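These notes are about the structure you will find just below.
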Amino acid sequence: MPAAAFESLTVDAEGLPLHVRQRGPQGAPAVLMLHGWLDHSHSFDPLCEHLPEAWRTVLLDFRGMGESGHAGPGAAYHFSDHLLDIEATLDGLALPPVHLVGHSLGGIVALAYAAARPERVRSLTLIESLGPSGGPPTGAVQRLRGFLDDARRPPNRKRYPTVEAAAERLRQANPTLSPDAALLFARHGTRRTPEGDFAFTFDPRHRRRFGQGYDEAQWLALEAAVTCPVQLLRGTEGLSPAPELLEGRLAALSTLAGPPRLFEGGHHVHLEQPAAIAAAIAAFIAANAGVPVPEASGS
């Protein structure tokens with residue numbers, strides 16, 4: 001029996017339309033899933049086939065990615081903008097406190113949001129994600145130079161003769177991506193141009209470097225502010241901070257439910273092991289479905 005279909009909706013983020021997909025609008029618990037950099041919400045489709053259909057499951061396309069709107073001329077994308085995307089989704093769909101599930105960039109955003117809005121998050125599942133790579137303080141000047149240099153270059157939207165060619169380009173950039181996963185990304189992440197070829201839908205300005213970033217002390221302070229239960233799921237061949245960095249970040253998460261769980265696979269392990277990752281998520285959310293959340297702080 002095929003899995004229940006998701007309905008597509010649009011929520012407003014101060015005038016910017018964000019694309020979300022929802023299944024089980026009357027169900028519980030409420031789960032919001034956040035994709036990685038330059039990806040889109042369909043990256044969770046194989047995973048959702050193994051998750052309970054009774055849940056209220058919401059999949060968000062971050063601004064400038066997937067089918068969501070792009071920032072206007074002269075604007076830039078900043079990390080904190082994606083926290084606004086979460087807030088707009090929770091408000092627009094009138095969601096109760098949610099269980100956040102984030103992969104890569106989505107996990108970084110989810111963790112930061114859980115720190116800033118603890119009263120709106122019941123649990124946090126991080127897939128191949130435990131914070132940004134801000135680098136040492138000595139890199140701050142070079143980061144600003146890179147930001148200014150990138151801003152002077154016009155956006156370059158590459159084109160491909162077929163969806164399959166676009167998928168192959170994804171595999172060149174990420175060799176651990178399986179052919180099926182790359183094709184999933186390309187099918188849902190490209191659009192035919194008026195000339196008949198294909199281009200990715202994400203805003204190429206997302207490739208520009210940020211002018212600012214968290215240093216390690218700031219990021220550890222954010223982690224220390226997370227009050228909900230946290231689980232970390234990693235691929236055996238995925239990305240990982242240096243051992244001493246990883247140790248410090250794990251220690252800063254006082255509500256970490258246990259050591260990181262390892263699954264055979266790479267950075268997109270949720271596409272390689274969707275049933276196993278889904279089982280881990282389902283068990284964790286079931287165990288924390290009734291976790292109380294702090295009351296909202298006064299303004």
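Residue numbering restarts at 1 for every chain of the structure tokens, chains are lettered A, B, ... in their displayed order, and ligands are numbered from 1 as they appear.
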
Shell of 8 Å around Thr227 of chain A, only C-alpha atoms, local chain residues under 6 positions omitted, as a PyMOL selection string: chain A and resi 114-115+118+254-255

Quick check for you: according to DSSP on this backbone, which residues of segment 80-124 of chain A are classed as strand (DSSP E)? Reply as a list in words.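 Filtering segment 80-124 of chain A to strand (DSSP E) leaves Val98, His99, Leu100, Val101, Gly102, His103, Val121, Arg122, Ser123 and Leu124 of chain A.
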
Between A:Arg152, A:His40, A:His99, A:His270, which is the closest to Thr190 of chain A once you count only C-alpha atoms? A:His40

Give me, as a Markdown table, each residue of segment 172-271 of chain A that comes within 9 Å of segment 127-149 of chain A, together with its shortest interatomic pair and the distance in Å at one decimal, counting only C-alpha atoms, with rows ordered by chain and rising residue number.
| residue | atom | partner | partner_atom | distance |
| --- | --- | --- | --- | --- |
| A:Arg208 | CA | A:Phe147 | CA | 6.7 |
| A:Arg209 | CA | A:Phe147 | CA | 5.1 |
| A:Phe210 | CA | A:Phe147 | CA | 5.7 |
| A:Gly211 | CA | A:Leu144 | CA | 4.7 |
| A:Gln212 | CA | A:Arg143 | CA | 7.0 |
| A:Gly213 | CA | A:Gly134 | CA | 5.6 |
| A:Tyr214 | CA | A:Gly134 | CA | 5.6 |
| A:Asp215 | CA | A:Gly134 | CA | 5.4 |
| A:Glu216 | CA | A:Gly134 | CA | 7.0 |
| A:Trp219 | CA | A:Gly131 | CA | 7.3 |
| A:Glu223 | CA | A:Gly131 | CA | 8.9 |
| A:Gln231 | CA | A:Ile127 | CA | 8.6 |
| A:Leu232 | CA | A:Ile127 | CA | 6.1 |
| A:Leu233 | CA | A:Ile127 | CA | 4.8 |
| A:Arg234 | CA | A:Glu128 | CA | 4.9 |
| A:Gly235 | CA | A:Glu128 | CA | 6.8 |
| A:Gly238 | CA | A:Glu128 | CA | 6.8 |
| A:Leu239 | CA | A:Glu128 | CA | 6.7 |
| A:Ser240 | CA | A:Glu128 | CA | 7.8 |
| A:Pro241 | CA | A:Ser133 | CA | 8.0 |
| A:Leu246 | CA | A:Leu130 | CA | 8.1 |
| A:Arg249 | CA | A:Leu130 | CA | 7.4 |
| A:Leu250 | CA | A:Leu130 | CA | 8.4 |
| A:Gly266 | CA | A:Glu128 | CA | 8.7 |
| A:His267 | CA | A:Glu128 | CA | 6.1 |
| A:His268 | CA | A:Glu128 | CA | 7.7 |
| A:Val269 | CA | A:Glu128 | CA | 7.9 |
| A:His270 | CA | A:Ile127 | CA | 7.6 |

Members of segment 31-162 of chain A assigned alpha helix (DSSP H) by DSSP, as a PyMOL selection string: chain A and resi 45-48+81-92+105-116+140-151

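The space separating atom CA of Tyr113 of chain A from atom CA of Leu83 of chain A comes to 5.9 Å.
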
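Atom pair atom CA of Leu60 of chain A / atom CA of Val20 of chain A: separated by 4.5 Å.
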
Contacts of segment 284-297 of chain A at 8 Å (only C-alpha atoms; same-chain gap of 6+ positions) as a ChimeraX atom specification: /A:29,97,99,117-123,228-229,231

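Residue nearest Val230 of chain A, chosen from A:Leu126, A:Ile86, A:Ala275, A:Leu245 and counting only C-alpha atoms: A:Leu126.
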
Leu177 of chain A environment, 12 Å, only C-alpha atoms, sequence neighbours closer than 5 positions dropped, as a PDB file with N, CA and C atoms, in the first residue's frame:
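File produced: around39.pdb:
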ATOM      1  N   SER A  43      14.250  15.361  -0.165  1.00  0.00           N
ATOM      2  CA  SER A  43      15.349  14.515   0.317  1.00  0.00           C
ATOM      3  C   SER A  43      14.898  13.620   1.471  1.00  0.00           C
ATOM      4  N   ALA A 167      21.930  14.984 -12.276  1.00  0.00           N
ATOM      5  CA  ALA A 167      22.178  14.020 -11.203  1.00  0.00           C
ATOM      6  C   ALA A 167      23.644  13.588 -11.176  1.00  0.00           C
ATOM      7  N   GLU A 168      24.215  13.399 -12.344  1.00  0.00           N
ATOM      8  CA  GLU A 168      25.619  13.004 -12.411  1.00  0.00           C
ATOM      9  C   GLU A 168      26.521  14.110 -11.870  1.00  0.00           C
ATOM     10  N   ARG A 169      26.146  15.362 -12.104  1.00  0.00           N
ATOM     11  CA  ARG A 169      26.928  16.469 -11.537  1.00  0.00           C
ATOM     12  C   ARG A 169      26.890  16.446 -10.017  1.00  0.00           C
ATOM     13  N   LEU A 170      25.745  16.092  -9.455  1.00  0.00           N
ATOM     14  CA  LEU A 170      25.643  15.973  -8.006  1.00  0.00           C
ATOM     15  C   LEU A 170      26.575  14.889  -7.479  1.00  0.00           C
ATOM     16  N   ARG A 171      26.676  13.795  -8.188  1.00  0.00           N
ATOM     17  CA  ARG A 171      27.542  12.700  -7.748  1.00  0.00           C
ATOM     18  C   ARG A 171      29.017  13.070  -7.869  1.00  0.00           C
ATOM     19  N   GLN A 172      29.350  13.905  -8.847  1.00  0.00           N
ATOM     20  CA  GLN A 172      30.731  14.371  -8.955  1.00  0.00           C
ATOM     21  C   GLN A 172      31.096  15.227  -7.746  1.00  0.00           C
ATOM     22  N   ALA A 182      20.958  10.657  -6.037  1.00  0.00           N
ATOM     23  CA  ALA A 182      21.267  11.801  -6.904  1.00  0.00           C
ATOM     24  C   ALA A 182      20.119  12.081  -7.862  1.00  0.00           C
ATOM     25  N   LEU A 183      19.497  11.017  -8.383  1.00  0.00           N
ATOM     26  CA  LEU A 183      18.377  11.199  -9.301  1.00  0.00           C
ATOM     27  C   LEU A 183      17.168  11.782  -8.570  1.00  0.00           C
ATOM     28  N   LEU A 184      16.955  11.366  -7.324  1.00  0.00           N
ATOM     29  CA  LEU A 184      15.875  11.953  -6.521  1.00  0.00           C
ATOM     30  C   LEU A 184      16.093  13.450  -6.348  1.00  0.00           C
ATOM     31  N   PHE A 185      17.305  13.842  -5.982  1.00  0.00           N
ATOM     32  CA  PHE A 185      17.612  15.256  -5.814  1.00  0.00           C
ATOM     33  C   PHE A 185      17.398  16.022  -7.119  1.00  0.00           C
ATOM     34  N   ALA A 186      17.862  15.454  -8.220  1.00  0.00           N
ATOM     35  CA  ALA A 186      17.782  16.161  -9.501  1.00  0.00           C
ATOM     36  C   ALA A 186      16.348  16.244 -10.014  1.00  0.00           C
ATOM     37  N   GLU A 237      30.686   6.742   7.175  1.00  0.00           N
ATOM     38  CA  GLU A 237      31.563   7.404   6.221  1.00  0.00           C
ATOM     39  C   GLU A 237      31.157   8.863   6.016  1.00  0.00           C
ATOM     40  N   GLY A 238      30.475   9.426   7.001  1.00  0.00           N
ATOM     41  CA  GLY A 238      29.985  10.786   6.880  1.00  0.00           C
ATOM     42  C   GLY A 238      31.006  11.824   7.296  1.00  0.00           C
ATOM     43  N   GLY A 265      26.979   4.177   6.085  1.00  0.00           N
ATOM     44  CA  GLY A 265      26.643   5.124   5.038  1.00  0.00           C
ATOM     45  C   GLY A 265      27.448   6.397   5.135  1.00  0.00           C
ATOM     46  N   GLY A 266      27.151   7.331   4.226  1.00  0.00           N
ATOM     47  CA  GLY A 266      27.876   8.589   4.142  1.00  0.00           C
ATOM     48  C   GLY A 266      27.075   9.756   4.691  1.00  0.00           C
ATOM     49  N   HIS A 267      27.326  10.937   4.134  1.00  0.00           N
ATOM     50  CA  HIS A 267      26.706  12.144   4.660  1.00  0.00           C
ATOM     51  C   HIS A 267      25.188  12.127   4.485  1.00  0.00           C
ATOM     52  N   HIS A 268      24.692  11.470   3.452  1.00  0.00           N
ATOM     53  CA  HIS A 268      23.254  11.336   3.245  1.00  0.00           C
ATOM     54  C   HIS A 268      22.792   9.946   3.698  1.00  0.00           C
ATOM     55  N   VAL A 269      23.168   9.590   4.902  1.00  0.00           N
ATOM     56  CA  VAL A 269      22.877   8.253   5.413  1.00  0.00           C
ATOM     57  C   VAL A 269      21.380   8.002   5.495  1.00  0.00           C
ATOM     58  N   HIS A 270      20.578   9.043   5.657  1.00  0.00           N
ATOM     59  CA  HIS A 270      19.122   8.851   5.728  1.00  0.00           C
ATOM     60  C   HIS A 270      18.537   8.418   4.389  1.00  0.00           C
ATOM     61  N   LEU A 271      19.278   8.616   3.301  1.00  0.00           N
ATOM     62  CA  LEU A 271      18.860   8.113   2.003  1.00  0.00           C
ATOM     63  C   LEU A 271      19.402   6.705   1.745  1.00  0.00           C
ATOM     64  N   GLU A 272      20.502   6.381   2.374  1.00  0.00           N
ATOM     65  CA  GLU A 272      21.096   5.053   2.214  1.00  0.00           C
ATOM     66  C   GLU A 272      20.463   4.029   3.149  1.00  0.00           C
TER      67      GLU A 272
END

Between atom CA of Ser68 of chain A and atom CA of His19 of chain A, what distance in Å does the model show, to one decimal? 4.7 Å

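Residues with any atom within 8 Å of Pro204 of chain A, counting only C-alpha atoms and excluding same-chain neighbours fewer than 3 positions away, are Pro155, Asn156, Arg157, Arg207 and Arg208 of chain A.
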
For the residues in that selection, give me N, CA and C atoms as a PDB file, in the first residue's frame.
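Writing done, so here's selection31.pdb:
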ATOM      1  N   PRO A 155      25.452  35.844 -10.138  1.00  0.00           N
ATOM      2  CA  PRO A 155      25.041  34.451  -9.925  1.00  0.00           C
ATOM      3  C   PRO A 155      25.163  33.650 -11.207  1.00  0.00           C
ATOM      4  N   ASN A 156      25.653  32.438 -11.082  1.00  0.00           N
ATOM      5  CA  ASN A 156      25.859  31.576 -12.245  1.00  0.00           C
ATOM      6  C   ASN A 156      24.976  30.340 -12.114  1.00  0.00           C
ATOM      7  N   ARG A 157      23.916  30.289 -12.919  1.00  0.00           N
ATOM      8  CA  ARG A 157      23.017  29.139 -12.884  1.00  0.00           C
ATOM      9  C   ARG A 157      23.401  28.183 -14.014  1.00  0.00           C
ATOM     10  N   ARG A 207      25.541  29.970  -2.827  1.00  0.00           N
ATOM     11  CA  ARG A 207      26.937  29.524  -2.885  1.00  0.00           C
ATOM     12  C   ARG A 207      27.914  30.594  -2.395  1.00  0.00           C
ATOM     13  N   ARG A 208      27.433  31.797  -2.189  1.00  0.00           N
ATOM     14  CA  ARG A 208      28.311  32.851  -1.705  1.00  0.00           C
ATOM     15  C   ARG A 208      28.666  32.610  -0.238  1.00  0.00           C
TER      16      ARG A 208
END
